[in-house]
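Undergrad: My questions will all concern the structure given below.
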There are 2 protein chains.
Amino acid sequence: MDAQGSAKGSGGRADPPPYYRVHVFCCVNERPAAHPRGCCLAKGSQDLRDYMKARAKELRLRQVRINASGCLDRCELGPTMVIYPEGVWYGYRTKEDVDEILETHVVKGGRVERLMLQPSDKGVRAK
Amino acid sequence: MDAQGSAKGSGGRADPPPYYRVHVFCCVNERPAAHPRGCCLAKGSQDLRDYMKARAKELRLRQVRINASGCLDRCELGPTMVIYPEGVWYGYRTKEDVDEILETHVVKGGRVERLMLQPSDKGVRAK
């Protein structure tokens with residue numbers, strides 16, 4: 001990364017500017033009910049992602065995309081989402097969590113510390 | 001971004017290090033056959049993504065995730081993928097394209113210039 005946050009490929013040419021300013025991926029993967037890891041879908045991730053997408057549209061957020069994704073492989077911490085290009089992960093459970101992520105992170109560029117996941121987080125999140 | 005490529009939230013605290021070094025999202029969205037925008041799935045994206053995931057596993061690439069995603073909204077250019085955190089987009093069609101992206105971009109950190117999409121790209125890609 002250079003001072004402007006743009007990266008360069010092996011040829012030294014700067015990458016194109018970002019297509020989306022904020023690109024959110026919400027895991028909506030489903031596993032069989034008895035799977036020991038659980039899955040984000042069984043914990044309501046599809047409805048939460050649909051809500052987030054609808055709210056982003058209502059708020060007329062530009063250059064923001066709220067995508068569904070396949071398994072992000074942090075099932076025990078789910079529902080999970082990751083926001084790029086910053087690569088910040090959240091575990092979230094409610095529409096209020098989604099509202100806070102939208103307002104604090106997506107709109108204002110801050111962080112919702114209480115919901116952020118660390119790379120070392122492996123187990124079930126505290127309630 | 002600071003010189004190390006890490007970002008800070010509104011509280012000024014550095015974000016956690018990345019969970020994946022390379023996080024690929026391959027659009028596998030399906031639209032009805034008659035939809036004017038087309039869709040990545042109809043152009044073979046599911047098989048190509050499955051191939052990319054399998055190859056990444058065979059190559060034992062660490063901290064690399066090859067995810068399927070919902071509609072990335074660049075349907076006319078598809079199949080499309082985006083690679084984060086760098087936010088580089090590719091339009092690709094063949095297993096050979098996937099092999100080149102894996103070898104040149106994912107493994108070596110370079111760019112496959114012939115397949116890269118620019119933010120201004122809107123229409124159907126040249127063949």
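How things are named: the first chain in the structure tokens is A, the next is B, and so on; residues count from 1 in each chain; ligands count from 1 in the order shown.
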Give me the residues of segment 61-113 of chain B that have any atom at most 12 Å from an atom of segment 30-38 of chain B; for each, the nearest atom pair and the distance in Å, rounded to one decimal. Use only C-alpha atoms, sort by chain and number, and format it as a Markdown table.
TA:
```
| residue | atom | partner | partner_atom | distance |
| --- | --- | --- | --- | --- |
| B:Ser69 | CA | B:Glu30 | CA | 11.0 |
| B:Gly70 | CA | B:Glu30 | CA | 8.6 |
| B:Cys71 | CA | B:Glu30 | CA | 8.0 |
| B:Leu72 | CA | B:Glu30 | CA | 11.3 |
| B:Asp73 | CA | B:Arg37 | CA | 9.4 |
| B:Arg74 | CA | B:Arg37 | CA | 8.9 |
| B:Cys75 | CA | B:Arg37 | CA | 6.0 |
| B:Glu76 | CA | B:Arg37 | CA | 5.8 |
| B:Leu77 | CA | B:Gly38 | CA | 9.4 |
| B:Gly78 | CA | B:Gly38 | CA | 8.6 |
| B:Pro79 | CA | B:Gly38 | CA | 10.1 |
```
Undergrad: Can I get the selection written as a compact mmCIF listing (two decimals), in the first residue's frame, with C-alpha atoms?
TA:
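Produced file part-v6.txt, reproduced below:
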```txt
# COMPACT_ATOMS: atom_id res chain seq x y z
CA SER B 69 -21.15 -14.72 -3.48
CA GLY B 70 -24.51 -13.36 -4.51
CA CYS B 71 -24.86 -10.86 -7.33
CA LEU B 72 -21.90 -8.48 -7.54
CA ASP B 73 -23.98 -6.34 -9.95
CA ARG B 74 -21.55 -6.37 -12.85
CA CYS B 75 -23.50 -9.05 -14.66
CA GLU B 76 -22.69 -7.94 -18.20
CA LEU B 77 -19.00 -8.48 -17.53
CA GLY B 78 -19.37 -11.88 -15.95
CA PRO B 79 -18.40 -14.23 -14.70
```
Undergrad: Extract the full set of helix (DSSP H, G or I) residues from segment 19-113 of chain B according to DSSP on the backbone, and format it as a compact mmCIF listing (two decimals) with N, CA and C atoms, in the first residue's frame.
TA:
```
# COMPACT_ATOMS: atom_id res chain seq x y z
N LEU B 41 -23.99 -17.13 -13.34
CA LEU B 41 -24.20 -18.57 -13.26
C LEU B 41 -24.39 -19.18 -14.65
N ALA B 42 -25.17 -18.50 -15.49
CA ALA B 42 -25.43 -19.02 -16.83
C ALA B 42 -24.17 -19.06 -17.67
N LYS B 43 -23.14 -18.33 -17.23
CA LYS B 43 -21.88 -18.33 -17.98
C LYS B 43 -20.84 -19.23 -17.29
N SER B 45 -20.19 -19.83 -13.91
CA SER B 45 -19.42 -19.36 -12.75
C SER B 45 -19.35 -20.38 -11.60
N GLN B 46 -20.40 -21.20 -11.47
CA GLN B 46 -20.36 -22.16 -10.35
C GLN B 46 -19.23 -23.17 -10.54
N ASP B 47 -19.14 -23.71 -11.73
CA ASP B 47 -18.06 -24.67 -12.00
C ASP B 47 -16.69 -24.03 -11.87
N LEU B 48 -16.57 -22.79 -12.36
CA LEU B 48 -15.28 -22.10 -12.29
C LEU B 48 -14.90 -21.80 -10.85
N ARG B 49 -15.87 -21.41 -10.06
CA ARG B 49 -15.57 -21.15 -8.64
C ARG B 49 -15.18 -22.46 -7.93
N ASP B 50 -15.92 -23.52 -8.21
CA ASP B 50 -15.60 -24.80 -7.57
C ASP B 50 -14.19 -25.25 -7.97
N TYR B 51 -13.84 -25.03 -9.23
CA TYR B 51 -12.50 -25.37 -9.69
C TYR B 51 -11.45 -24.53 -8.96
N MET B 52 -11.71 -23.24 -8.83
CA MET B 52 -10.75 -22.35 -8.17
C MET B 52 -10.54 -22.77 -6.71
N LYS B 53 -11.65 -23.10 -6.05
CA LYS B 53 -11.56 -23.53 -4.64
C LYS B 53 -10.75 -24.82 -4.52
N ALA B 54 -11.03 -25.75 -5.41
CA ALA B 54 -10.32 -27.04 -5.37
C ALA B 54 -8.82 -26.85 -5.65
N ARG B 55 -8.51 -26.01 -6.64
CA ARG B 55 -7.10 -25.77 -6.98
C ARG B 55 -6.36 -25.09 -5.82
N ALA B 56 -7.03 -24.13 -5.19
CA ALA B 56 -6.40 -23.44 -4.06
C ALA B 56 -6.08 -24.44 -2.95
N LYS B 57 -6.98 -25.41 -2.77
CA LYS B 57 -6.75 -26.44 -1.76
C LYS B 57 -5.58 -27.34 -2.18
N GLU B 58 -5.58 -27.74 -3.44
CA GLU B 58 -4.49 -28.60 -3.92
C GLU B 58 -3.13 -27.90 -3.80
N CYS B 75 -23.05 -7.85 -13.96
CA CYS B 75 -23.50 -9.05 -14.66
C CYS B 75 -23.01 -9.11 -16.10
N GLU B 76 -23.03 -7.96 -16.77
CA GLU B 76 -22.69 -7.94 -18.20
C GLU B 76 -21.24 -8.33 -18.44
N LEU B 77 -20.43 -8.22 -17.40
CA LEU B 77 -19.00 -8.48 -17.53
C LEU B 77 -18.62 -9.86 -17.03
N LYS B 95 -11.01 -22.27 -17.10
CA LYS B 95 -10.13 -22.78 -16.04
C LYS B 95 -8.71 -22.23 -16.20
N GLU B 96 -8.31 -21.99 -17.44
CA GLU B 96 -6.99 -21.41 -17.66
C GLU B 96 -6.94 -19.98 -17.08
N ASP B 97 -8.03 -19.24 -17.21
CA ASP B 97 -8.09 -17.91 -16.59
C ASP B 97 -7.94 -18.04 -15.07
N VAL B 98 -8.66 -18.99 -14.49
CA VAL B 98 -8.59 -19.21 -13.05
C VAL B 98 -7.16 -19.57 -12.63
N ASP B 99 -6.53 -20.46 -13.38
CA ASP B 99 -5.15 -20.86 -13.05
C ASP B 99 -4.22 -19.65 -13.07
N GLU B 100 -4.42 -18.79 -14.05
CA GLU B 100 -3.54 -17.61 -14.17
C GLU B 100 -3.77 -16.64 -13.00
N ILE B 101 -5.02 -16.46 -12.63
CA ILE B 101 -5.33 -15.57 -11.49
C ILE B 101 -4.73 -16.15 -10.20
N LEU B 102 -4.87 -17.45 -10.03
CA LEU B 102 -4.31 -18.08 -8.83
C LEU B 102 -2.79 -17.91 -8.78
N GLU B 103 -2.14 -18.24 -9.91
CA GLU B 103 -0.68 -18.23 -9.91
C GLU B 103 -0.12 -16.81 -9.83
N THR B 104 -0.68 -15.93 -10.65
CA THR B 104 -0.10 -14.59 -10.77
C THR B 104 -0.54 -13.67 -9.64
N HIS B 105 -1.83 -13.69 -9.32
CA HIS B 105 -2.34 -12.74 -8.32
C HIS B 105 -2.30 -13.33 -6.90
N VAL B 106 -2.95 -14.47 -6.73
CA VAL B 106 -3.11 -15.01 -5.37
C VAL B 106 -1.77 -15.46 -4.79
N VAL B 107 -1.00 -16.18 -5.57
CA VAL B 107 0.28 -16.70 -5.06
C VAL B 107 1.37 -15.63 -5.08
N GLU B 113 -3.37 -8.53 -15.99
CA GLU B 113 -3.87 -7.29 -16.62
C GLU B 113 -4.94 -7.57 -17.68
```
Undergrad: Counting only C-alpha atoms, what is within 9 Å of Gln118 of chain A, bar same-chain residues fewer than 6 positions away, as a VMD selection string?
TA: (chain A and resid 88 to 90) or (chain B and resid 16 to 19)
Undergrad: With N, CA and C atoms kept, could you save the residues just selected as a short mmCIF file (atom, residue, chain, number, x, y, z; two decimals), in the first residue's frame?
TA:
```
data_model
loop_
_atom_site.label_atom_id
_atom_site.label_comp_id
_atom_site.auth_asym_id
_atom_site.auth_seq_id
_atom_site.Cartn_x
_atom_site.Cartn_y
_atom_site.Cartn_z
N VAL A 88 -12.77 -5.73 8.15
CA VAL A 88 -13.27 -5.80 9.53
C VAL A 88 -14.44 -6.78 9.59
N TRP A 89 -14.37 -7.67 10.59
CA TRP A 89 -15.39 -8.71 10.77
C TRP A 89 -16.30 -8.36 11.95
N TYR A 90 -17.58 -8.68 11.75
CA TYR A 90 -18.54 -8.53 12.85
C TYR A 90 -19.31 -9.83 13.04
N PRO B 16 -7.98 -4.97 13.56
CA PRO B 16 -7.27 -6.24 13.72
C PRO B 16 -6.57 -6.62 12.41
N PRO B 17 -5.53 -7.44 12.49
CA PRO B 17 -4.91 -7.93 11.25
C PRO B 17 -5.92 -8.75 10.46
N PRO B 18 -5.69 -8.92 9.16
CA PRO B 18 -6.67 -9.62 8.32
C PRO B 18 -6.82 -11.08 8.71
N TYR B 19 -8.05 -11.57 8.59
CA TYR B 19 -8.30 -12.98 8.89
C TYR B 19 -7.85 -13.85 7.72
#
```
Undergrad: Quick one: everything within 10 Å of Gly87 of chain B, counting only C-alpha atoms, minus sequence neighbours fewer than 5 positions away in the same chain. Send it as a list in words.
TA: Ser6, Ala7, Asp15, Pro16, Pro17, Pro18, Tyr19, Tyr20, Arg21, His23, Tyr84 and Pro85 of chain A; His23, Val24, Met81 and Val82 of chain B
Undergrad: Write down as a list in words the residues belonging to chain A that are assigned strand (DSSP E or B) by DSSP computed on the backbone.
TA: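 Written out, the strand (DSSP E or B) residues of chain A are Lys8, Ala14, Val22, His23, Val24, Phe25, Cys26, Cys27, Val64, Arg65, Ile66, Asn67, Ala68, Ser69, Thr80, Met81, Val82, Ile83, Tyr84, Val88, Trp89, Tyr90, Gly91 and Met116 of chain A.
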Undergrad: With only C-alpha atoms as the basis for distance, which of B:Cys39, B:Asn29, B:Gly110, B:Arg65 is at the shortest distance from chain A?
TA: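 Nearest candidate to chain A out of B:Cys39, B:Asn29, B:Gly110, B:Arg65: B:Gly110.
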Undergrad: Please compute the atom CA of Arg13 of chain A-atom CA of Val112 of chain B distance, one decimal, in Å.
TA: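 The value is 11.6 Å.
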Undergrad: From the set B:Lys122, B:Arg60, B:Lys108, B:Arg93, which residue has the shortest atom-to-atom contact distance to chain A, counting only C-alpha atoms?
TA: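 That would be B:Lys108, the residue with the smallest distance to chain A.
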